[in-house]
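Chemist: Below is model-v4.cif; it holds mmCIF, C-alpha atoms and all ligand atoms.
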```cif
data_target
loop_
_atom_site.group_PDB
_atom_site.id
_atom_site.type_symbol
_atom_site.label_atom_id
_atom_site.label_comp_id
_atom_site.auth_asym_id
_atom_site.auth_seq_id
_atom_site.Cartn_x
_atom_site.Cartn_y
_atom_site.Cartn_z
ATOM 1 C CA MET A 164 -87.728 58.531 136.971
ATOM 2 C CA SER A 165 -87.712 58.509 140.747
ATOM 3 C CA GLN A 166 -87.152 61.762 142.566
ATOM 4 C CA VAL A 167 -83.782 62.661 144.067
ATOM 5 C CA HIS A 168 -84.132 64.640 147.297
ATOM 6 C CA HIS A 169 -80.941 66.579 147.999
ATOM 7 C CA ILE A 170 -80.979 67.472 151.703
ATOM 8 C CA THR A 171 -79.246 70.840 151.894
ATOM 9 C CA HIS A 172 -79.974 71.796 155.507
ATOM 10 C CA PRO A 173 -76.915 73.700 156.857
ATOM 11 C CA LEU A 174 -76.499 71.320 159.810
ATOM 12 C CA VAL A 175 -76.431 68.336 157.450
ATOM 13 C CA GLN A 176 -73.900 69.996 155.140
ATOM 14 C CA HIS A 177 -71.674 71.127 158.031
ATOM 15 C CA LYS A 178 -71.531 67.670 159.625
ATOM 16 C CA LEU A 179 -70.920 66.013 156.261
ATOM 17 C CA THR A 180 -67.920 68.299 155.655
ATOM 18 C CA LEU A 181 -66.479 67.286 159.037
ATOM 19 C CA MET A 182 -66.928 63.613 158.109
ATOM 20 C CA ARG A 183 -65.202 63.996 154.758
ATOM 21 C CA MET A 184 -61.991 65.246 156.415
ATOM 22 C CA LYS A 185 -59.395 62.485 156.492
ATOM 23 C CA SER A 186 -58.341 63.733 159.930
ATOM 24 C CA ALA A 187 -61.739 62.763 161.451
ATOM 25 C CA SER A 188 -61.245 60.040 164.072
ATOM 26 C CA THR A 189 -63.252 56.799 164.034
ATOM 27 C CA ASN A 190 -65.114 58.082 167.075
ATOM 28 C CA SER A 191 -66.111 61.403 165.523
ATOM 29 C CA PHE A 192 -66.887 59.849 162.112
ATOM 30 C CA ARG A 193 -69.269 57.370 163.765
ATOM 31 C CA ARG A 194 -70.902 60.030 165.955
ATOM 32 C CA LEU A 195 -71.362 62.452 163.048
ATOM 33 C CA LEU A 196 -72.859 59.726 160.848
ATOM 34 C CA ASN A 197 -75.478 58.947 163.482
ATOM 35 C CA GLU A 198 -76.224 62.645 164.019
ATOM 36 C CA LEU A 199 -76.660 63.052 160.273
ATOM 37 C CA ALA A 200 -78.886 59.977 160.076
ATOM 38 C CA ALA A 201 -81.151 61.463 162.758
ATOM 39 C CA LEU A 202 -81.370 64.785 160.901
ATOM 40 C CA MET A 203 -82.030 63.060 157.576
ATOM 41 C CA ALA A 204 -84.731 60.908 159.203
ATOM 42 C CA TYR A 205 -86.887 64.038 159.477
ATOM 43 C CA GLU A 206 -86.707 64.582 155.722
ATOM 44 C CA VAL A 207 -87.212 60.974 154.656
ATOM 45 C CA THR A 208 -90.250 60.532 156.956
ATOM 46 C CA ARG A 209 -91.813 63.915 156.091
ATOM 47 C CA ASP A 210 -94.701 62.386 154.080
ATOM 48 C CA MET A 211 -95.468 59.437 156.372
ATOM 49 C CA PRO A 212 -99.227 58.947 156.654
ATOM 50 C CA VAL A 213 -100.853 60.079 159.896
ATOM 51 C CA ALA A 214 -104.345 59.459 161.251
ATOM 52 C CA ASP A 215 -106.205 61.201 164.038
ATOM 53 C CA VAL A 216 -106.682 59.175 167.208
ATOM 54 C CA GLU A 217 -108.821 60.056 170.187
ATOM 55 C CA ILE A 218 -106.780 60.859 173.303
ATOM 56 C CA GLU A 219 -107.440 62.434 176.676
ATOM 57 C CA THR A 220 -105.338 65.368 177.761
ATOM 58 C CA PRO A 221 -105.507 66.283 181.455
ATOM 59 C CA LEU A 222 -108.229 68.758 180.424
ATOM 60 C CA GLU A 223 -110.358 67.175 177.704
ATOM 61 C CA THR A 224 -110.736 64.599 174.947
ATOM 62 C CA MET A 225 -109.326 65.487 171.533
ATOM 63 C CA LEU A 226 -108.457 64.023 168.132
ATOM 64 C CA SER A 227 -104.707 64.220 167.540
ATOM 65 C CA PRO A 228 -102.515 62.857 164.695
ATOM 66 C CA MET A 229 -100.305 59.777 165.064
ATOM 67 C CA ILE A 230 -98.287 57.839 162.489
ATOM 68 C CA ASP A 231 -100.643 55.458 160.694
ATOM 69 C CA GLY A 232 -100.162 51.794 159.823
ATOM 70 C CA LYS A 233 -97.610 49.162 160.748
ATOM 71 C CA LYS A 234 -94.210 50.086 162.138
ATOM 72 C CA LEU A 235 -91.772 51.689 159.717
ATOM 73 C CA THR A 236 -88.904 49.412 158.672
ATOM 74 C CA PHE A 237 -85.305 50.502 158.209
ATOM 75 C CA VAL A 238 -83.274 48.069 156.129
ATOM 76 C CA SER A 239 -79.524 48.297 156.595
ATOM 77 C CA ILE A 240 -77.287 47.281 153.721
ATOM 78 C CA LEU A 241 -74.432 45.627 155.634
ATOM 79 C CA ARG A 242 -72.139 46.663 156.917
ATOM 80 C CA ALA A 243 -71.989 50.442 156.484
ATOM 81 C CA GLY A 244 -75.785 50.832 156.752
ATOM 82 C CA ASN A 245 -75.476 49.831 160.415
ATOM 83 C CA GLY A 246 -73.516 53.028 161.002
ATOM 84 C CA MET A 247 -76.714 55.060 160.494
ATOM 85 C CA MET A 248 -79.075 52.814 162.449
ATOM 86 C CA ASP A 249 -78.682 54.242 165.972
ATOM 87 C CA GLY A 250 -79.296 57.750 164.634
ATOM 88 C CA LEU A 251 -82.408 56.665 162.737
ATOM 89 C CA LEU A 252 -83.753 54.714 165.714
ATOM 90 C CA SER A 253 -83.182 57.684 168.030
ATOM 91 C CA VAL A 254 -85.855 59.497 165.967
ATOM 92 C CA VAL A 255 -88.124 56.501 165.195
ATOM 93 C CA PRO A 256 -87.554 54.182 168.190
ATOM 94 C CA ASN A 257 -90.444 51.820 167.345
ATOM 95 C CA ALA A 258 -89.175 51.048 163.846
ATOM 96 C CA ARG A 259 -88.356 47.492 162.822
ATOM 97 C CA VAL A 260 -84.957 46.722 161.326
ATOM 98 C CA GLY A 261 -84.067 44.404 158.452
ATOM 99 C CA HIS A 262 -80.608 43.526 157.140
ATOM 100 C CA VAL A 263 -79.294 42.758 153.670
ATOM 101 C CA GLY A 264 -75.753 41.441 153.341
ATOM 102 C CA LEU A 265 -74.124 42.138 149.982
ATOM 103 C CA TYR A 266 -70.501 42.338 148.995
ATOM 104 C CA ARG A 267 -69.033 43.866 145.895
ATOM 105 C CA ASP A 268 -67.169 41.444 143.679
ATOM 106 C CA PRO A 269 -63.861 43.346 143.326
ATOM 107 C CA GLN A 270 -63.507 42.360 139.649
ATOM 108 C CA THR A 271 -67.027 42.931 138.337
ATOM 109 C CA LEU A 272 -68.180 45.441 141.026
ATOM 110 C CA GLN A 273 -71.480 43.470 140.972
ATOM 111 C CA ALA A 274 -73.404 42.781 144.210
ATOM 112 C CA VAL A 275 -73.396 39.262 145.658
ATOM 113 C CA GLU A 276 -75.952 38.481 148.436
ATOM 114 C CA TYR A 277 -74.890 36.564 151.583
ATOM 115 C CA TYR A 278 -77.564 37.548 154.167
ATOM 116 C CA PHE A 279 -81.233 38.591 154.118
ATOM 117 C CA LYS A 280 -83.499 38.969 157.164
ATOM 118 C CA MET A 281 -86.669 41.086 157.261
ATOM 119 C CA PRO A 282 -89.395 41.655 159.876
ATOM 120 C CA THR A 283 -92.730 39.850 159.453
ATOM 121 C CA GLY A 284 -95.715 41.507 157.751
ATOM 122 C CA MET A 285 -93.629 43.283 155.129
ATOM 123 C CA ASN A 286 -96.662 43.703 152.847
ATOM 124 C CA GLU A 287 -98.036 46.313 155.282
ATOM 125 C CA ARG A 288 -94.771 48.152 155.893
ATOM 126 C CA ASP A 289 -93.068 51.252 154.515
ATOM 127 C CA VAL A 290 -89.357 50.583 154.048
ATOM 128 C CA ILE A 291 -86.375 52.923 154.119
ATOM 129 C CA VAL A 292 -83.257 51.226 152.723
ATOM 130 C CA VAL A 293 -80.083 52.647 154.242
ATOM 131 C CA ASP A 294 -76.514 52.735 152.954
ATOM 132 C CA PRO A 295 -74.246 55.767 153.473
ATOM 133 C CA MET A 296 -72.680 55.388 150.005
ATOM 134 C CA LEU A 297 -74.607 55.119 146.713
ATOM 135 C CA ALA A 298 -71.577 54.403 144.518
ATOM 136 C CA THR A 299 -72.082 52.138 141.462
ATOM 137 C CA GLY A 300 -75.680 51.563 142.560
ATOM 138 C CA ASN A 301 -75.357 47.809 141.976
ATOM 139 C CA SER A 302 -75.715 46.862 145.670
ATOM 140 C CA ALA A 303 -78.566 49.312 146.156
ATOM 141 C CA ALA A 304 -80.447 48.017 143.094
ATOM 142 C CA ALA A 305 -79.897 44.374 144.115
ATOM 143 C CA ALA A 306 -81.007 45.081 147.701
ATOM 144 C CA VAL A 307 -84.166 46.870 146.540
ATOM 145 C CA THR A 308 -84.998 44.036 144.100
ATOM 146 C CA LYS A 309 -84.752 41.508 146.936
ATOM 147 C CA ILE A 310 -86.760 43.684 149.360
ATOM 148 C CA LYS A 311 -89.467 44.189 146.707
ATOM 149 C CA SER A 312 -89.924 40.401 146.603
ATOM 150 C CA THR A 313 -91.348 40.671 150.165
ATOM 151 C CA GLY A 314 -94.062 43.067 148.868
ATOM 152 C CA PRO A 315 -93.682 46.187 151.090
ATOM 153 C CA ARG A 316 -96.168 49.076 150.840
ATOM 154 C CA SER A 317 -93.424 51.506 149.777
ATOM 155 C CA ILE A 318 -89.625 51.776 149.513
ATOM 156 C CA LYS A 319 -87.309 54.790 149.791
ATOM 157 C CA PHE A 320 -83.510 54.840 149.586
ATOM 158 C CA LEU A 321 -81.477 56.900 152.063
ATOM 159 C CA CYS A 322 -77.761 57.587 151.648
ATOM 160 C CA LEU A 323 -75.244 60.191 152.699
ATOM 161 C CA LEU A 324 -73.286 60.508 149.454
ATOM 162 C CA ALA A 325 -74.380 59.595 145.948
ATOM 163 C CA ALA A 326 -72.425 59.350 142.705
ATOM 164 C CA PRO A 327 -74.314 60.287 139.517
ATOM 165 C CA GLU A 328 -73.593 56.736 138.229
ATOM 166 C CA GLY A 329 -75.254 55.214 141.297
ATOM 167 C CA ILE A 330 -78.296 57.437 140.975
ATOM 168 C CA ARG A 331 -78.674 56.462 137.303
ATOM 169 C CA THR A 332 -78.324 52.724 138.029
ATOM 170 C CA LEU A 333 -80.822 52.763 140.906
ATOM 171 C CA GLN A 334 -83.299 54.931 138.999
ATOM 172 C CA ALA A 335 -83.069 52.697 135.905
ATOM 173 C CA ALA A 336 -83.694 49.534 137.951
ATOM 174 C CA HIS A 337 -86.271 51.060 140.324
ATOM 175 C CA PRO A 338 -87.862 54.233 138.944
ATOM 176 C CA ASP A 339 -90.466 54.074 141.724
ATOM 177 C CA VAL A 340 -87.927 54.396 144.581
ATOM 178 C CA PRO A 341 -87.122 57.981 145.662
ATOM 179 C CA ILE A 342 -83.528 58.690 146.693
ATOM 180 C CA TYR A 343 -82.589 60.904 149.662
ATOM 181 C CA THR A 344 -79.000 62.117 149.880
ATOM 182 C CA ALA A 345 -76.937 64.839 151.559
ATOM 183 C CA ALA A 346 -74.603 65.240 148.550
ATOM 184 C CA ILE A 347 -74.155 64.278 144.908
ATOM 185 C CA ASP A 348 -70.437 63.988 144.258
ATOM 186 C CA ARG A 349 -68.475 64.205 140.993
ATOM 187 C CA GLY A 350 -68.273 60.499 140.159
ATOM 188 C CA LEU A 351 -66.440 57.219 140.764
ATOM 189 C CA ASN A 352 -62.742 56.432 140.538
ATOM 190 C CA ASP A 353 -61.292 53.267 138.939
ATOM 191 C CA HIS A 354 -61.886 51.298 142.156
ATOM 192 C CA GLY A 355 -65.559 52.253 142.355
ATOM 193 C CA TYR A 356 -65.020 54.790 145.163
ATOM 194 C CA ILE A 357 -66.993 58.021 145.199
ATOM 195 C CA VAL A 358 -64.819 61.104 144.548
ATOM 196 C CA PRO A 359 -64.168 63.390 146.284
ATOM 197 C CA GLY A 360 -66.170 61.228 148.695
ATOM 198 C CA LEU A 361 -65.101 60.284 152.190
ATOM 199 C CA GLY A 362 -63.261 56.998 151.621
ATOM 200 C CA ASP A 363 -64.485 53.581 152.678
ATOM 201 C CA ALA A 364 -67.458 54.269 154.940
ATOM 202 C CA GLY A 365 -67.407 50.801 156.562
ATOM 203 C CA ASP A 366 -63.720 51.068 157.411
ATOM 204 C CA ARG A 367 -64.146 54.563 158.815
ATOM 205 C CA ILE A 368 -67.177 53.581 160.931
ATOM 206 C CA PHE A 369 -65.640 50.422 162.352
ATOM 207 C CA GLY A 370 -61.975 51.429 162.403
ATOM 208 C CA THR A 371 -60.904 48.543 160.161
ATOM 209 C CA GLN A 372 -58.709 50.488 157.763
HETATM 210 N N1 LIG B 1 -68.313 52.387 149.410
HETATM 211 C C1 LIG B 1 -67.634 53.203 150.252
HETATM 212 O O1 LIG B 1 -67.551 52.943 151.445
HETATM 213 N N2 LIG B 1 -67.065 54.299 149.748
HETATM 214 C C2 LIG B 1 -67.137 54.641 148.458
HETATM 215 O O2 LIG B 1 -66.604 55.679 148.069
HETATM 216 C C3 LIG B 1 -67.847 53.780 147.594
HETATM 217 C C4 LIG B 1 -68.429 52.658 148.087
#
```
Please re-express this file's structure in structure tokens.
Ligand code: URA

Modeler:
Amino acid sequence: MSQVHHITHPLVQHKLTLMRMKSASTNSFRRLLNELAALMAYEVTRDMPVADVEIETPLETMLSPMIDGKKLTFVSILRAGNGMMDGLLSVVPNARVGHVGLYRDPQTLQAVEYYFKMPTGMNERDVIVVDPMLATGNSAAAAVTKIKSTGPRSIKFLCLLAAPEGIRTLQAAHPDVPIYTAAIDRGLNDHGYIVPGLGDAGDRIFGTQ
């Protein structure tokens, strides 16, 4: 089974609590989500390969580590994944960005794809798939399956909240994909929402409630 990395840093937990509050405005929800994404970026990129390169300081030549290989790729699962993108790019500004459009069929809760656009050279890239909510796990598993068809070097999954059901579904479909999350909530309600959760992330980011 893939690893689940629960990011328990106090700043992450504090900001997540503020986001969960139903009184949080669209503005503060969006700002907090990007701040959290930036903090979580440190954890999810912790094991990125580095290689020494020769540089010149004002005083002498030295070998110093830089991130190795082609540019990291963040893949946003539309639309809520976009709510984390500015925060991630503030920490990794050279990253490439792909998009997967999936909607949940309200009856079956299965993922249906409507958009897919990735950077070139995926076979040399490390990918971090981003969606704030890992709920049923169907969208996440479908997105990862599609991204795998482009042959990336590695894939990780980054979310803010995960339901145990979503973790199980993603792990069963993709045992090689580690999951990074700030919280593992109790479960899903009858509508497929994470409880206690934070509501509909897309609506709260974009003010479409
Ligand atoms: N998507 C959301 O935005 N919220 C949930 O609780 C589950 C899926």

Chemist: Counting all atoms listed in the file, which residues of chain A fall within 8 Å of ligand LIG 1 (chain B), and what is the closest atom pair for each with its distance in Å at one decimal, ordered by chain and rising number, as a tab-separated table?

Modeler:
```
residue	atom	partner	partner_atom	distance
A:Ala243	CA	B:LIG1	O1	7.2
A:Pro295	CA	B:LIG1	O1	7.5
A:Met296	CA	B:LIG1	N1	5.3
A:Leu297	CA	B:LIG1	C4	6.8
A:Ala298	CA	B:LIG1	C3	4.9
A:Thr299	CA	B:LIG1	C4	7.6
A:Leu351	CA	B:LIG1	O2	7.5
A:Gly355	CA	B:LIG1	C3	5.9
A:Tyr356	CA	B:LIG1	O2	3.4
A:Ile357	CA	B:LIG1	O2	3.7
A:Val358	CA	B:LIG1	O2	6.7
A:Gly360	CA	B:LIG1	O2	5.6
A:Leu361	CA	B:LIG1	O2	6.4
A:Gly362	CA	B:LIG1	N2	5.0
A:Asp363	CA	B:LIG1	O1	3.4
A:Ala364	CA	B:LIG1	O1	3.7
A:Gly365	CA	B:LIG1	O1	5.5
A:Asp366	CA	B:LIG1	O1	7.3
```

Chemist: Please evaluate the PyMOL selection byres (((chain A and resi 338) around 12) and not hetatm) against the structure above and give the resulting residues as a list in words.

Modeler: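 Checking the PyMOL selection byres (((chain A and resi 338) around 12) and not hetatm) against this file, the residues are Met164, Ser165, Gln166, Val167, Ala304, Val307, Thr308, Ile318, Lys319, Phe320, Ile330, Arg331, Thr332, Leu333, Gln334, Ala335, Ala336, His337, Asp339, Val340, Pro341 and Ile342 of chain A.
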
Chemist: Ranking A:Glu223, A:Asp249, A:Asp215, A:Asp231 by minimum distance to A:Asn197 and counting all atoms listed in the file, which one comes first?

Modeler: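 When distances to A:Asn197 are compared using all atoms listed in the file, the smallest one comes from A:Asp249.
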
Chemist: Please write as a list in words the full residue list that the PyMOL selection byres (((chain A and resi 274) around 7) and not hetatm) yields on this file.

Modeler: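 After applying the PyMOL selection byres (((chain A and resi 274) around 7) and not hetatm), what remains is Leu265, Tyr266, Arg267, Asp268, Leu272, Gln273, Val275, Glu276, Asn301, Ser302 and Ala305 of chain A.
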
Chemist: Please determine, counting all atoms listed in the file, which residue among A:Pro315, A:Gly264, A:Gly350, A:Pro269 has the shortest atom-to-atom distance to A:Thr283.

Modeler: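 Once distances to A:Thr283 are computed over all atoms listed in the file, the minimum belongs to A:Pro315.
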
Chemist: Can you pull out the residues contacting A:Gly250? Cut-off 9 Å, using only C-alpha atoms, and skip same-chain residues under 5 positions away; I want them as a list in words.

Modeler: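 So, after excluding close chain neighbours, the residues are Arg194, Leu196, Asn197, Glu198, Leu199, Ala200, Ala201, Leu202, Ala204 and Val255 of chain A.
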
Chemist: Could you write those residues out with C-alpha atoms, as a PDB file, in the coordinates of the input?

Modeler:
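What landed in again-v3.pdb:
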```pdb
ATOM      1  CA  ARG A 194     -70.902  60.030 165.955  1.00  0.00           C
ATOM      2  CA  LEU A 196     -72.859  59.726 160.848  1.00  0.00           C
ATOM      3  CA  ASN A 197     -75.478  58.947 163.482  1.00  0.00           C
ATOM      4  CA  GLU A 198     -76.224  62.645 164.019  1.00  0.00           C
ATOM      5  CA  LEU A 199     -76.660  63.052 160.273  1.00  0.00           C
ATOM      6  CA  ALA A 200     -78.886  59.977 160.076  1.00  0.00           C
ATOM      7  CA  ALA A 201     -81.151  61.463 162.758  1.00  0.00           C
ATOM      8  CA  LEU A 202     -81.370  64.785 160.901  1.00  0.00           C
ATOM      9  CA  ALA A 204     -84.731  60.908 159.203  1.00  0.00           C
ATOM     10  CA  VAL A 255     -88.124  56.501 165.195  1.00  0.00           C
TER      11      VAL A 255
END
```

Chemist: Set the distance at 12 Å and use only C-alpha atoms: which residues neighbour A:Asn190 once local chain neighbours fewer than 6 positions away are removed? I'd like the list as a PyMOL selection string.

Modeler: chain A and resi 182+196-197+246+367-370

Chemist: For the residues selected in the previous step, produce a file with C-alpha atoms as a PDB file, keeping the file's coordinate frame.

Modeler:
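See part-v2.pdb below for the written result:
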```
ATOM      1  CA  MET A 182     -66.928  63.613 158.109  1.00  0.00           C
ATOM      2  CA  LEU A 196     -72.859  59.726 160.848  1.00  0.00           C
ATOM      3  CA  ASN A 197     -75.478  58.947 163.482  1.00  0.00           C
ATOM      4  CA  GLY A 246     -73.516  53.028 161.002  1.00  0.00           C
ATOM      5  CA  ARG A 367     -64.146  54.563 158.815  1.00  0.00           C
ATOM      6  CA  ILE A 368     -67.177  53.581 160.931  1.00  0.00           C
ATOM      7  CA  PHE A 369     -65.640  50.422 162.352  1.00  0.00           C
ATOM      8  CA  GLY A 370     -61.975  51.429 162.403  1.00  0.00           C
TER       9      GLY A 370
END
```

Chemist: Care to translate the PyMOL selection byres (((chain A and resi 214) around 12) and not hetatm) into actual residues of this file, as JSON, numbers by chain?

Modeler: {"A": [211, 212, 213, 215, 216, 217, 226, 227, 228, 229, 230, 231, 232]}

Chemist: Could those selected residues go to a file with C-alpha atoms, as a short mmCIF file (atom, residue, chain, number, x, y, z; two decimals), keeping the file's coordinate frame?

Modeler:
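Saved to out_27.cif:
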```cif
data_model
loop_
_atom_site.label_atom_id
_atom_site.label_comp_id
_atom_site.auth_asym_id
_atom_site.auth_seq_id
_atom_site.Cartn_x
_atom_site.Cartn_y
_atom_site.Cartn_z
CA MET A 211 -95.47 59.44 156.37
CA PRO A 212 -99.23 58.95 156.65
CA VAL A 213 -100.85 60.08 159.90
CA ASP A 215 -106.20 61.20 164.04
CA VAL A 216 -106.68 59.18 167.21
CA GLU A 217 -108.82 60.06 170.19
CA LEU A 226 -108.46 64.02 168.13
CA SER A 227 -104.71 64.22 167.54
CA PRO A 228 -102.52 62.86 164.70
CA MET A 229 -100.30 59.78 165.06
CA ILE A 230 -98.29 57.84 162.49
CA ASP A 231 -100.64 55.46 160.69
CA GLY A 232 -100.16 51.79 159.82
#
```

Chemist: With 4 Å added on each side, what axis-aligned box encloses every listed atom of stretch 326-333 of chain A? Give the centre and edge lengths in Å to one decimal, as JSON.

Modeler:
```
{"center_x": -76.6, "center_y": 56.5, "center_z": 140.0, "size_x": 16.4, "size_y": 15.6, "size_z": 13.4}
```

Chemist: Which one is closest to A:Ala345: A:Ala187, A:Leu174, A:Ala258, A:Leu241? Count only C-alpha atoms.

Modeler: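 Using only C-alpha atoms, the shortest distance to A:Ala345 belongs to A:Leu174.
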
Chemist: So how many Å separate atom CA of A:Leu321 and atom CA of A:Met203, to one decimal?

Modeler: 8.3 Å

Chemist: I'd like the interatomic distance between atom CA of A:Phe237 and atom CA of A:Arg349, to a tenth of an Å.

Modeler: 27.7 Å

Chemist: Work out how far atom CA of A:Lys234 is from atom CA of A:Phe192, in Å to one decimal.

Modeler: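 The value is 29.0 Å.
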
Chemist: Could you give me, as a list in words, the residues within 10 Å of A:His169, counting all atoms listed in the file and dropping anything in the same chain fewer than 3 positions from it?

Modeler: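 Result of the neighbour search: Gln166, His172, Glu206, Leu323, Leu324, Ala325, Ile342, Tyr343, Thr344, Ala345, Ala346 and Ile347 of chain A.
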